[in-house]
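J.: Input start_2.cif, format and content: mmCIF, C-alpha atoms (C1' of nucleotides).
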data_work
loop_
_atom_site.group_PDB
_atom_site.id
_atom_site.type_symbol
_atom_site.label_atom_id
_atom_site.label_comp_id
_atom_site.auth_asym_id
_atom_site.auth_seq_id
_atom_site.Cartn_x
_atom_site.Cartn_y
_atom_site.Cartn_z
ATOM 1 C CA MET A 1 71.081 -24.940 -251.189
ATOM 2 C CA ALA A 2 68.879 -27.688 -252.484
ATOM 3 C CA SER A 3 67.342 -29.752 -249.751
ATOM 4 C CA PRO A 4 68.137 -33.483 -249.587
ATOM 5 C CA PRO A 5 65.462 -35.971 -250.615
ATOM 6 C CA SER A 6 63.574 -34.951 -247.516
ATOM 7 C CA SER A 7 64.323 -33.659 -244.095
ATOM 8 C CA SER A 8 66.149 -36.442 -242.403
ATOM 9 C CA GLY A 9 66.220 -36.938 -238.680
ATOM 10 C CA PRO A 10 68.864 -38.291 -236.350
ATOM 11 C CA SER A 11 68.288 -41.794 -237.612
ATOM 12 C CA GLY A 12 69.514 -40.776 -241.015
ATOM 13 C CA ALA A 13 66.356 -42.082 -242.563
ATOM 14 C CA PRO A 14 63.947 -39.611 -244.118
ATOM 15 C CA PRO A 15 60.255 -39.934 -243.380
ATOM 16 C CA LEU A 16 58.618 -42.620 -245.438
ATOM 17 C CA LYS A 17 55.496 -41.776 -247.321
ATOM 18 C CA PRO A 18 52.386 -43.727 -246.346
ATOM 19 C CA SER A 19 52.401 -45.549 -249.647
ATOM 20 C CA GLN A 20 55.977 -46.614 -249.101
ATOM 21 C CA VAL A 21 55.304 -48.004 -245.668
ATOM 22 C CA LEU A 22 52.349 -49.889 -247.074
ATOM 23 C CA ALA A 23 54.392 -51.432 -249.832
ATOM 24 C CA LEU A 24 57.044 -52.374 -247.337
ATOM 25 C CA TRP A 25 54.514 -53.960 -245.016
ATOM 26 C CA HIS A 26 53.043 -55.867 -247.911
ATOM 27 C CA ARG A 27 56.355 -57.233 -249.090
ATOM 28 C CA VAL A 28 57.470 -58.290 -245.661
ATOM 29 C CA LEU A 29 54.213 -60.047 -244.857
ATOM 30 C CA VAL A 30 54.193 -61.956 -248.118
ATOM 31 C CA SER A 31 57.830 -62.795 -247.757
ATOM 32 C CA ALA A 32 57.251 -64.050 -244.224
ATOM 33 C CA LEU A 33 54.402 -66.257 -245.378
ATOM 34 C CA ASN A 34 56.462 -67.783 -248.123
ATOM 35 C CA ARG A 35 59.362 -68.571 -245.853
ATOM 36 C CA SER A 36 56.883 -70.217 -243.520
ATOM 37 C CA LEU A 37 58.463 -68.812 -240.427
ATOM 38 C CA PRO A 38 56.730 -69.781 -237.199
ATOM 39 C CA ASP A 39 53.542 -67.854 -237.692
ATOM 40 C CA LEU A 40 52.942 -65.781 -234.649
ATOM 41 C CA THR A 41 49.759 -63.842 -234.168
ATOM 42 C CA GLN A 42 49.971 -60.094 -234.273
ATOM 43 C CA ARG A 43 49.878 -59.980 -230.506
ATOM 44 C CA GLN A 44 52.509 -62.632 -230.065
ATOM 45 C CA PHE A 45 54.794 -60.847 -232.468
ATOM 46 C CA ALA A 46 54.150 -57.477 -230.896
ATOM 47 C CA LEU A 47 54.985 -58.947 -227.513
ATOM 48 C CA PHE A 48 58.107 -60.530 -228.910
ATOM 49 C CA LEU A 49 59.297 -57.235 -230.355
ATOM 50 C CA GLU A 50 58.420 -55.402 -227.172
ATOM 51 C CA VAL A 51 60.614 -57.759 -225.180
ATOM 52 C CA TYR A 52 63.481 -57.418 -227.594
ATOM 53 C CA LEU A 53 63.326 -53.753 -228.485
ATOM 54 C CA ALA A 54 62.050 -52.032 -225.369
ATOM 55 C CA PRO A 55 64.195 -51.693 -222.283
ATOM 56 C CA PRO A 56 63.632 -54.289 -219.555
ATOM 57 C CA PRO A 57 62.245 -55.299 -217.202
ATOM 58 C CA HIS A 58 59.190 -56.864 -218.837
ATOM 59 C CA THR A 59 56.474 -58.154 -216.573
ATOM 60 C CA VAL A 60 53.131 -59.654 -217.481
ATOM 61 C CA ARG A 61 51.303 -56.723 -216.092
ATOM 62 C CA GLY A 62 53.523 -54.217 -217.851
ATOM 63 C CA LEU A 63 53.235 -55.971 -221.170
ATOM 64 C CA ALA A 64 49.476 -56.234 -220.792
ATOM 65 C CA LYS A 65 49.229 -52.507 -220.285
ATOM 66 C CA THR A 66 51.646 -51.516 -223.017
ATOM 67 C CA LEU A 67 50.126 -53.854 -225.572
ATOM 68 C CA ASN A 68 46.533 -53.350 -224.497
ATOM 69 C CA MET A 69 46.008 -57.032 -223.866
ATOM 70 C CA SER A 70 44.368 -58.963 -221.045
ATOM 71 C CA LYS A 71 46.697 -60.634 -218.599
ATOM 72 C CA PRO A 72 45.678 -64.163 -219.579
ATOM 73 C CA ALA A 73 46.361 -63.295 -223.196
ATOM 74 C CA VAL A 74 49.841 -62.159 -222.241
ATOM 75 C CA THR A 75 50.440 -65.316 -220.238
ATOM 76 C CA ARG A 76 49.447 -67.473 -223.175
ATOM 77 C CA ALA A 77 51.497 -65.475 -225.643
ATOM 78 C CA ILE A 78 54.504 -66.000 -223.404
ATOM 79 C CA ASP A 79 53.635 -69.696 -223.206
ATOM 80 C CA ARG A 80 53.794 -69.910 -226.954
ATOM 81 C CA LEU A 81 57.008 -67.921 -227.270
ATOM 82 C CA GLU A 82 58.576 -69.948 -224.506
ATOM 83 C CA LYS A 83 57.705 -73.199 -226.258
ATOM 84 C CA LEU A 84 59.509 -71.820 -229.289
ATOM 85 C CA GLU A 85 62.346 -70.858 -226.923
ATOM 86 C CA PHE A 86 62.102 -67.272 -228.109
ATOM 87 C CA VAL A 87 61.832 -65.912 -224.568
ATOM 88 C CA ARG A 88 62.451 -67.152 -221.041
ATOM 89 C CA ARG A 89 60.559 -66.684 -217.812
ATOM 90 C CA LYS A 90 62.493 -65.741 -214.709
ATOM 91 C CA THR A 91 60.903 -65.010 -211.387
ATOM 92 C CA ASP A 92 61.868 -61.665 -209.962
ATOM 93 C CA GLU A 93 63.878 -62.367 -206.839
ATOM 94 C CA ARG A 94 63.001 -59.024 -205.315
ATOM 95 C CA ASP A 95 59.285 -59.630 -205.703
ATOM 96 C CA LYS A 96 58.509 -63.253 -206.234
ATOM 97 C CA ARG A 97 55.040 -62.481 -207.487
ATOM 98 C CA SER A 98 56.452 -61.006 -210.669
ATOM 99 C CA ILE A 99 58.103 -62.796 -213.507
ATOM 100 C CA LEU A 100 60.611 -61.227 -215.834
ATOM 101 C CA VAL A 101 60.327 -62.049 -219.497
ATOM 102 C CA GLN A 102 63.801 -62.245 -220.950
ATOM 103 C CA ARG A 103 65.435 -62.670 -224.294
ATOM 104 C CA SER A 104 67.004 -65.875 -225.478
ATOM 105 C CA VAL A 105 69.478 -67.065 -228.058
ATOM 106 C CA LYS A 106 66.892 -68.600 -230.348
ATOM 107 C CA GLY A 107 64.795 -65.481 -230.141
ATOM 108 C CA SER A 108 67.735 -63.320 -231.087
ATOM 109 C CA VAL A 109 68.386 -65.497 -234.098
ATOM 110 C CA PHE A 110 64.775 -65.262 -235.164
ATOM 111 C CA LEU A 111 64.812 -61.522 -234.686
ATOM 112 C CA ARG A 112 67.874 -61.134 -236.831
ATOM 113 C CA GLU A 113 66.342 -63.368 -239.469
ATOM 114 C CA PHE A 114 63.215 -61.287 -239.610
ATOM 115 C CA ALA A 115 65.162 -58.038 -239.617
ATOM 116 C CA ASP A 116 67.314 -59.113 -242.515
ATOM 117 C CA MET A 117 64.296 -60.256 -244.452
ATOM 118 C CA ALA A 118 62.523 -56.976 -243.804
ATOM 119 C CA ALA A 119 65.580 -54.943 -244.748
ATOM 120 C CA GLU A 120 65.901 -56.931 -247.935
ATOM 121 C CA ALA A 121 62.254 -56.228 -248.692
ATOM 122 C CA ALA A 122 62.903 -52.559 -248.089
ATOM 123 C CA ARG A 123 65.842 -52.665 -250.458
ATOM 124 C CA GLU A 124 63.787 -54.279 -253.191
ATOM 125 C CA LEU A 125 61.154 -51.687 -252.610
ATOM 126 C CA ASP A 126 63.735 -48.984 -253.059
ATOM 127 C CA ARG A 127 64.774 -50.514 -256.334
ATOM 128 C CA SER A 128 61.332 -50.584 -257.846
ATOM 129 C CA MET B 1 80.361 -35.280 -255.408
ATOM 130 C CA ALA B 2 79.336 -36.160 -251.903
ATOM 131 C CA SER B 3 76.685 -38.814 -251.688
ATOM 132 C CA PRO B 4 73.397 -38.121 -249.905
ATOM 133 C CA PRO B 5 72.710 -39.778 -246.538
ATOM 134 C CA SER B 6 72.734 -43.064 -248.370
ATOM 135 C CA SER B 7 72.286 -44.230 -251.895
ATOM 136 C CA SER B 8 68.701 -43.549 -252.640
ATOM 137 C CA GLY B 9 66.681 -45.342 -255.281
ATOM 138 C CA PRO B 10 63.897 -44.161 -257.520
ATOM 139 C CA SER B 11 61.483 -44.158 -254.638
ATOM 140 C CA GLY B 12 63.475 -41.404 -253.013
ATOM 141 C CA ALA B 13 63.819 -43.476 -249.869
ATOM 142 C CA PRO B 14 67.223 -44.745 -248.868
ATOM 143 C CA PRO B 15 67.581 -48.336 -247.731
ATOM 144 C CA LEU B 16 66.539 -48.779 -244.133
ATOM 145 C CA LYS B 17 68.851 -50.591 -241.813
ATOM 146 C CA PRO B 18 67.517 -53.817 -240.329
ATOM 147 C CA SER B 19 67.320 -52.234 -236.906
ATOM 148 C CA GLN B 20 65.249 -49.395 -238.290
ATOM 149 C CA VAL B 21 62.767 -51.673 -239.956
ATOM 150 C CA LEU B 22 62.459 -53.615 -236.724
ATOM 151 C CA ALA B 23 61.780 -50.513 -234.721
ATOM 152 C CA LEU B 24 59.220 -49.425 -237.272
ATOM 153 C CA TRP B 25 57.494 -52.791 -237.198
ATOM 154 C CA HIS B 26 57.424 -52.695 -233.443
ATOM 155 C CA ARG B 27 55.884 -49.254 -233.276
ATOM 156 C CA VAL B 28 53.242 -49.979 -235.849
ATOM 157 C CA LEU B 29 52.196 -53.249 -234.230
ATOM 158 C CA VAL B 30 51.912 -51.702 -230.798
ATOM 159 C CA SER B 31 50.094 -48.715 -232.199
ATOM 160 C CA ALA B 32 47.667 -50.971 -234.040
ATOM 161 C CA LEU B 33 46.960 -52.928 -230.873
ATOM 162 C CA ASN B 34 46.257 -49.810 -228.889
ATOM 163 C CA ARG B 35 43.885 -48.435 -231.460
ATOM 164 C CA SER B 36 42.161 -51.806 -231.447
ATOM 165 C CA LEU B 37 41.638 -51.818 -235.169
ATOM 166 C CA PRO B 38 39.833 -54.877 -236.485
ATOM 167 C CA ASP B 39 42.488 -57.392 -235.669
ATOM 168 C CA LEU B 40 43.192 -59.377 -238.751
ATOM 169 C CA THR B 41 45.487 -62.350 -238.694
ATOM 170 C CA GLN B 42 48.760 -62.033 -240.516
ATOM 171 C CA ARG B 43 47.338 -63.971 -243.409
ATOM 172 C CA GLN B 44 44.182 -61.958 -243.597
ATOM 173 C CA PHE B 45 46.156 -58.761 -243.591
ATOM 174 C CA ALA B 46 48.616 -60.043 -246.161
ATOM 175 C CA LEU B 47 45.711 -60.998 -248.390
ATOM 176 C CA PHE B 48 44.138 -57.611 -247.888
ATOM 177 C CA LEU B 49 47.320 -55.829 -248.875
ATOM 178 C CA GLU B 50 47.832 -58.139 -251.820
ATOM 179 C CA VAL B 51 44.393 -57.240 -253.138
ATOM 180 C CA TYR B 52 44.981 -53.548 -252.679
ATOM 181 C CA LEU B 53 48.609 -53.203 -253.701
ATOM 182 C CA ALA B 54 49.137 -55.843 -256.352
ATOM 183 C CA PRO B 55 47.608 -55.495 -259.807
ATOM 184 C CA PRO B 56 44.345 -57.363 -260.406
ATOM 185 C CA PRO B 57 42.833 -59.749 -261.120
ATOM 186 C CA HIS B 58 42.895 -61.597 -257.819
ATOM 187 C CA THR B 59 41.493 -65.099 -257.770
ATOM 188 C CA VAL B 60 41.374 -67.555 -254.901
ATOM 189 C CA ARG B 61 43.832 -69.830 -256.562
ATOM 190 C CA GLY B 62 46.192 -67.010 -257.425
ATOM 191 C CA LEU B 63 46.111 -65.611 -253.922
ATOM 192 C CA ALA B 64 46.659 -69.065 -252.473
ATOM 193 C CA LYS B 65 49.762 -69.500 -254.554
ATOM 194 C CA THR B 66 51.171 -66.030 -254.002
ATOM 195 C CA LEU B 67 50.573 -66.104 -250.282
ATOM 196 C CA ASN B 68 51.461 -69.747 -249.820
ATOM 197 C CA MET B 69 48.100 -70.547 -248.249
ATOM 198 C CA SER B 70 45.660 -73.390 -248.766
ATOM 199 C CA LYS B 71 42.591 -72.616 -250.814
ATOM 200 C CA PRO B 72 40.186 -73.046 -247.896
ATOM 201 C CA ALA B 73 42.270 -70.653 -245.883
ATOM 202 C CA VAL B 74 41.984 -68.101 -248.661
ATOM 203 C CA THR B 75 38.238 -68.607 -248.905
ATOM 204 C CA ARG B 76 37.829 -68.028 -245.208
ATOM 205 C CA ALA B 77 40.091 -65.010 -245.178
ATOM 206 C CA ILE B 78 37.946 -63.518 -247.919
ATOM 207 C CA ASP B 79 34.846 -64.407 -245.900
ATOM 208 C CA ARG B 80 36.183 -62.419 -242.997
ATOM 209 C CA LEU B 81 37.242 -59.453 -245.104
ATOM 210 C CA GLU B 82 33.937 -59.474 -246.905
ATOM 211 C CA LYS B 83 32.047 -59.405 -243.625
ATOM 212 C CA LEU B 84 34.045 -56.316 -242.748
ATOM 213 C CA GLU B 85 33.207 -55.015 -246.225
ATOM 214 C CA PHE B 86 36.904 -54.601 -246.935
ATOM 215 C CA VAL B 87 36.694 -56.571 -250.194
ATOM 216 C CA ARG B 88 34.008 -57.786 -252.549
ATOM 217 C CA ARG B 89 33.522 -61.024 -254.422
ATOM 218 C CA LYS B 90 32.578 -60.866 -258.078
ATOM 219 C CA THR B 91 32.248 -63.891 -260.285
ATOM 220 C CA ASP B 92 34.335 -63.704 -263.389
ATOM 221 C CA GLU B 93 31.938 -63.536 -266.315
ATOM 222 C CA ARG B 94 34.461 -65.003 -268.701
ATOM 223 C CA ASP B 95 34.993 -68.057 -266.506
ATOM 224 C CA LYS B 96 32.224 -68.514 -264.031
ATOM 225 C CA ARG B 97 34.281 -70.889 -261.970
ATOM 226 C CA SER B 98 36.532 -68.085 -260.877
ATOM 227 C CA ILE B 99 35.767 -65.239 -258.550
ATOM 228 C CA LEU B 100 37.480 -61.906 -258.598
ATOM 229 C CA VAL B 101 38.350 -60.342 -255.296
ATOM 230 C CA GLN B 102 37.915 -56.622 -255.558
ATOM 231 C CA ARG B 103 38.541 -53.548 -253.501
ATOM 232 C CA SER B 104 35.834 -51.621 -251.730
ATOM 233 C CA VAL B 105 35.258 -48.227 -250.230
ATOM 234 C CA LYS B 106 35.492 -49.358 -246.630
ATOM 235 C CA GLY B 107 38.653 -51.247 -247.412
ATOM 236 C CA SER B 108 40.221 -48.206 -248.960
ATOM 237 C CA VAL B 109 39.401 -46.197 -245.883
ATOM 238 C CA PHE B 110 40.916 -48.812 -243.633
ATOM 239 C CA LEU B 111 44.003 -48.976 -245.824
ATOM 240 C CA ARG B 112 44.470 -45.237 -245.660
ATOM 241 C CA GLU B 113 43.987 -45.313 -241.913
ATOM 242 C CA PHE B 114 46.631 -47.944 -241.473
ATOM 243 C CA ALA B 115 49.004 -46.204 -243.867
ATOM 244 C CA ASP B 116 48.742 -42.922 -242.031
ATOM 245 C CA MET B 117 49.300 -44.621 -238.709
ATOM 246 C CA ALA B 118 52.331 -46.445 -240.050
ATOM 247 C CA ALA B 119 53.747 -43.300 -241.591
ATOM 248 C CA GLU B 120 53.250 -41.494 -238.318
ATOM 249 C CA ALA B 121 55.093 -44.290 -236.539
ATOM 250 C CA ALA B 122 57.896 -43.948 -239.050
ATOM 251 C CA ARG B 123 58.044 -40.245 -238.438
ATOM 252 C CA GLU B 124 58.275 -40.695 -234.686
ATOM 253 C CA LEU B 125 60.958 -43.242 -235.258
ATOM 254 C CA ASP B 126 62.860 -40.717 -237.310
ATOM 255 C CA ARG B 127 62.659 -38.231 -234.498
ATOM 256 C CA SER B 128 64.067 -40.503 -231.836
ATOM 257 C "C1'" DA C 1 49.293 -61.552 -186.395
ATOM 258 C "C1'" DG C 2 45.422 -61.004 -189.817
ATOM 259 C "C1'" DA C 3 43.268 -58.574 -193.668
ATOM 260 C "C1'" DA C 4 43.673 -56.528 -198.035
ATOM 261 C "C1'" DT C 5 46.164 -55.897 -202.383
ATOM 262 C "C1'" DT C 6 48.839 -57.393 -206.263
ATOM 263 C "C1'" DT C 7 51.092 -60.821 -209.043
ATOM 264 C "C1'" DG C 8 50.715 -64.395 -212.628
ATOM 265 C "C1'" DT C 9 48.160 -68.565 -213.797
ATOM 266 C "C1'" DT C 10 44.331 -71.711 -214.514
ATOM 267 C "C1'" DA C 11 39.403 -73.136 -215.530
ATOM 268 C "C1'" DC C 12 35.705 -72.368 -218.329
ATOM 269 C "C1'" DG C 13 32.905 -71.628 -222.413
ATOM 270 C "C1'" DT C 14 33.097 -69.463 -226.902
ATOM 271 C "C1'" DT C 15 34.863 -68.261 -231.109
ATOM 272 C "C1'" DA C 16 37.911 -68.686 -234.982
ATOM 273 C "C1'" DC C 17 41.530 -70.601 -237.765
ATOM 274 C "C1'" DT C 18 43.813 -74.777 -239.784
ATOM 275 C "C1'" DG C 19 44.518 -78.533 -243.703
ATOM 276 C "C1'" DA C 20 42.647 -82.692 -245.915
ATOM 277 C "C1'" DA C 21 39.143 -84.423 -248.321
ATOM 278 C "C1'" DA C 22 34.773 -84.402 -250.580
ATOM 279 C "C1'" DC C 23 31.615 -81.537 -253.205
ATOM 280 C "C1'" DG C 24 28.826 -79.050 -256.972
ATOM 281 C "C1'" DA C 25 29.542 -76.137 -260.770
ATOM 282 C "C1'" DT C 26 31.820 -74.694 -264.849
ATOM 283 C "C1'" DA C 27 34.991 -75.381 -268.644
ATOM 284 C "C1'" DC C 28 37.539 -78.078 -271.686
ATOM 285 C "C1'" DC C 29 38.549 -82.040 -274.583
ATOM 286 C "C1'" DA C 30 38.106 -86.205 -277.264
ATOM 287 C "C1'" DT D 1 28.241 -86.273 -275.543
ATOM 288 C "C1'" DG D 2 30.496 -88.263 -272.167
ATOM 289 C "C1'" DG D 3 34.927 -87.937 -269.551
ATOM 290 C "C1'" DT D 4 38.305 -85.120 -267.319
ATOM 291 C "C1'" DA D 5 40.235 -81.107 -265.323
ATOM 292 C "C1'" DT D 6 39.804 -76.922 -262.668
ATOM 293 C "C1'" DC D 7 37.417 -73.507 -259.898
ATOM 294 C "C1'" DG D 8 35.801 -72.099 -255.250
ATOM 295 C "C1'" DT D 9 33.314 -73.796 -251.306
ATOM 296 C "C1'" DT D 10 31.905 -76.820 -247.627
ATOM 297 C "C1'" DT D 11 32.429 -80.454 -244.284
ATOM 298 C "C1'" DC D 12 35.051 -82.457 -240.823
ATOM 299 C "C1'" DA D 13 37.983 -83.002 -236.820
ATOM 300 C "C1'" DG D 14 41.655 -80.889 -234.412
ATOM 301 C "C1'" DT D 15 44.004 -76.979 -232.579
ATOM 302 C "C1'" DA D 16 44.551 -72.414 -230.773
ATOM 303 C "C1'" DA D 17 43.096 -67.989 -229.467
ATOM 304 C "C1'" DC D 18 40.046 -65.021 -226.698
ATOM 305 C "C1'" DG D 19 37.879 -62.676 -222.127
ATOM 306 C "C1'" DT D 20 35.711 -63.384 -217.625
ATOM 307 C "C1'" DA D 21 36.095 -65.162 -213.416
ATOM 308 C "C1'" DA D 22 38.194 -67.764 -209.846
ATOM 309 C "C1'" DC D 23 42.721 -68.970 -207.927
ATOM 310 C "C1'" DA D 24 47.103 -69.696 -205.074
ATOM 311 C "C1'" DA D 25 51.169 -67.285 -203.829
ATOM 312 C "C1'" DA D 26 53.677 -63.264 -202.391
ATOM 313 C "C1'" DT D 27 53.638 -58.700 -200.512
ATOM 314 C "C1'" DT D 28 51.971 -54.819 -197.977
ATOM 315 C "C1'" DC D 29 49.148 -52.521 -194.767
ATOM 316 C "C1'" DT D 30 47.010 -51.960 -190.090
#
Would you mind writing the structure in this file as structure tokens?
T.:
Amino acid sequence: MASPPSSSGPSGAPPLKPSQVLALWHRVLVSALNRSLPDLTQRQFALFLEVYLAPPPHTVRGLAKTLNMSKPAVTRAIDRLEKLEFVRRKTDERDKRSILVQRSVKGSVFLREFADMAAEAARELDRS
Amino acid sequence: MASPPSSSGPSGAPPLKPSQVLALWHRVLVSALNRSLPDLTQRQFALFLEVYLAPPPHTVRGLAKTLNMSKPAVTRAIDRLEKLEFVRRKTDERDKRSILVQRSVKGSVFLREFADMAAEAARELDRS
DNA sequence: AGAATTTGTTACGTTACTGAAACGATACCA
DNA sequence: TGGTATCGTTTCAGTAACGTAACAAATTCT
């Protein structure tokens, strides 16, 4: 039998070619700039996504290690995201030295917004 | 006839679901941080991709409009990319007020590097 | 109990990005 | 040929990011 477009894994999505990922990245970045979303730095955005897409708990130290950032950098990124109300700080009751970075309503809205925009960009890409 | 995994456009890639694009974005950002590539700002990277993926010519004014940036911001982004030797400035001989932002060897290498990394992230994503 | 470790934050100095406005240089127009 | 428009850059002042080092607070070890 003829093989489908490409071997497709459990996600149902076939591997994207490098050039396709590039085009997608390009479209999303430009689209984000034009919508003038709150412009987060790469690190801030990576941290944001880590909090929302990776399983909790998320501590400063853990985030610093995962994202290869210094602890102060993580603290300040959280400061910024907290000002935007995209995440919340909660002290860990079982070890009051640690804080748990948690999701928030506003952050979820922003995430959805970005996801839809990115998916739309991917769709346009598919059409071209 | 039965449809393939999803309707697939000319690119051969089916539309990605929002959650898939998010996961991809997440992986690529984290991966980029850990490889400590030259960390460009979102705007710098968007400009870089615009130069490499959109058809020339690329002028400061044109980039500013497309990317919704101020002209000084574009100038400085080009400064940074030029220092990295990722792009070159060339004055337009037909209108010496304009400069043409052009691709370079080092930039192409960096682009390829990023593309491969992103594609690899997409592949891992597919496997999970 | 006291010492040592670990947590996140703050202080410090440096670097880099930002937009508005002013600028020289080139092109166009009357 | 002078006036005007447009190009990219620079200047300016303000803001934000960075890493190192020092820090208080909480926990653990002895």
J.: Considering only C-alpha atoms (C1' of nucleotides), tabulate each residue of chain C that lies at most 8 Å from chain A along with its nearest interatomic pair and the corresponding distance in Å to one decimal; arrange the rows by chain and ascending residue number and present them as JSON lines.
T.:
{"residue": "C:DT7", "atom": "C1'", "partner": "A:Arg97", "partner_atom": "CA", "distance": 4.6}
{"residue": "C:DG8", "atom": "C1'", "partner": "A:Ser98", "partner_atom": "CA", "distance": 6.9}
{"residue": "C:DT9", "atom": "C1'", "partner": "A:Thr75", "partner_atom": "CA", "distance": 7.6}
J.: Find the residues in chain D near chain B: any atom within 12 Å counts, using only C-alpha atoms (C1' of nucleotides). Write them as number ranges by chain.
T.: D: 6-11, 17
J.: Could you tell me which residues the PyMOL selection byres ((chain A and resi 67) around 7) returns for this structure, as a list in words?
T.: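 Selected by the PyMOL selection byres ((chain A and resi 67) around 7) here: Leu63, Ala64, Lys65, Thr66, Asn68 and Met69 of chain A; Val30, Leu33 and Asn34 of chain B.
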J.: Given all atoms listed in the file as the basis, pick out the residue of A:Phe110, A:His58, A:Gln44, A:Leu53 nearest to chain B.
T.: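 For chain B, the nearest of the candidates is A:Leu53.
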J.: What is the atom CA of Leu40 of chain B-atom C1' of DG13 of chain C distance in Å, reported with one decimal?
T.: 22.9 Å
J.: Apply the PyMOL selection byres ((chain A and resi 81-90) around 8) to the structure shown and report the selected residues as a list in words.
T.: Gln44, Phe48, Ala77, Ile78, Asp79, Arg80, Thr91, Asp92, Ile99, Leu100, Val101, Gln102, Arg103, Ser104, Val105, Lys106, Gly107, Ser108 and Phe110 of chain A
J.: Do you have the atom CA of Ala118 of chain B-atom C1' of DA16 of chain C distance handy?
T.: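 Calculated distance between atom CA of Ala118 of chain B and atom C1' of DA16 of chain C is 27.0 Å.
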J.: Evaluate the PyMOL selection byres ((chain D and resi 3) around 10) on the structure here and hand back the selected residues as JSON, numbers by chain.
T.: {"C": [29, 30], "D": [1, 2, 4, 5]}
J.: Pull the neighbourhood of (40.6, -83.1, -242.5) for me: all residues within 12 Å in file coordinates, counting all atoms listed in the file, as a PyMOL selection string.
T.: (chain B and resi 72) or (chain C and resi 18-22) or (chain D and resi 10-14)
J.: In Å, how far is it from atom CA of Val28 of chain B to atom CA of Met117 of chain B?
T.: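 The value is 7.2 Å.
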J.: Given only C-alpha atoms as the basis, pick out the residue of A:Ser70, A:Ala115, A:Arg27, A:Phe45 nearest to chain B.
T.: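 When distances to chain B are compared using only C-alpha atoms, the smallest one comes from A:Ala115.
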J.: Let me make sure I understand: among A:Arg94, A:Ala119, A:Ala73, A:Pro56, which one has the smallest atom-to-atom distance to chain B if we use all atoms listed in the file?
T.: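 Smallest separation from chain B among the options: A:Ala119.
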J.: Return the padded bounding box of segment 103-112 of chain A as AutoDock Vina command-line options: axis-aligned, built from all atoms listed in the file, 5 Å added on each side, with centre and edge lengths in Å to one decimal.
T.:
--center_x 67.1 --center_y -64.9 --center_z -230.6 --size_x 14.7 --size_y 17.5 --size_z 22.5
J.: Under the rule that only C-alpha atoms are counted, which of B:Val109, B:Leu37, B:Ala32, B:Ala46 is the nearest residue to chain A?
T.: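 Nearest candidate to chain A out of B:Val109, B:Leu37, B:Ala32, B:Ala46: B:Ala46.
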J.: Ranking A:Asp126, A:Gln20, A:Pro38, A:Glu113 by minimum distance to chain B and counting all atoms listed in the file, which one comes first?
T.: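 Closest residue, counting all atoms listed in the file: A:Asp126.
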J.: Taking into account all atoms listed in the file, which residue in the set B:Tyr52, B:Gly62, B:Arg123, B:Arg35 is nearest to chain A?
T.: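 For chain A, the nearest of the candidates is B:Arg123.
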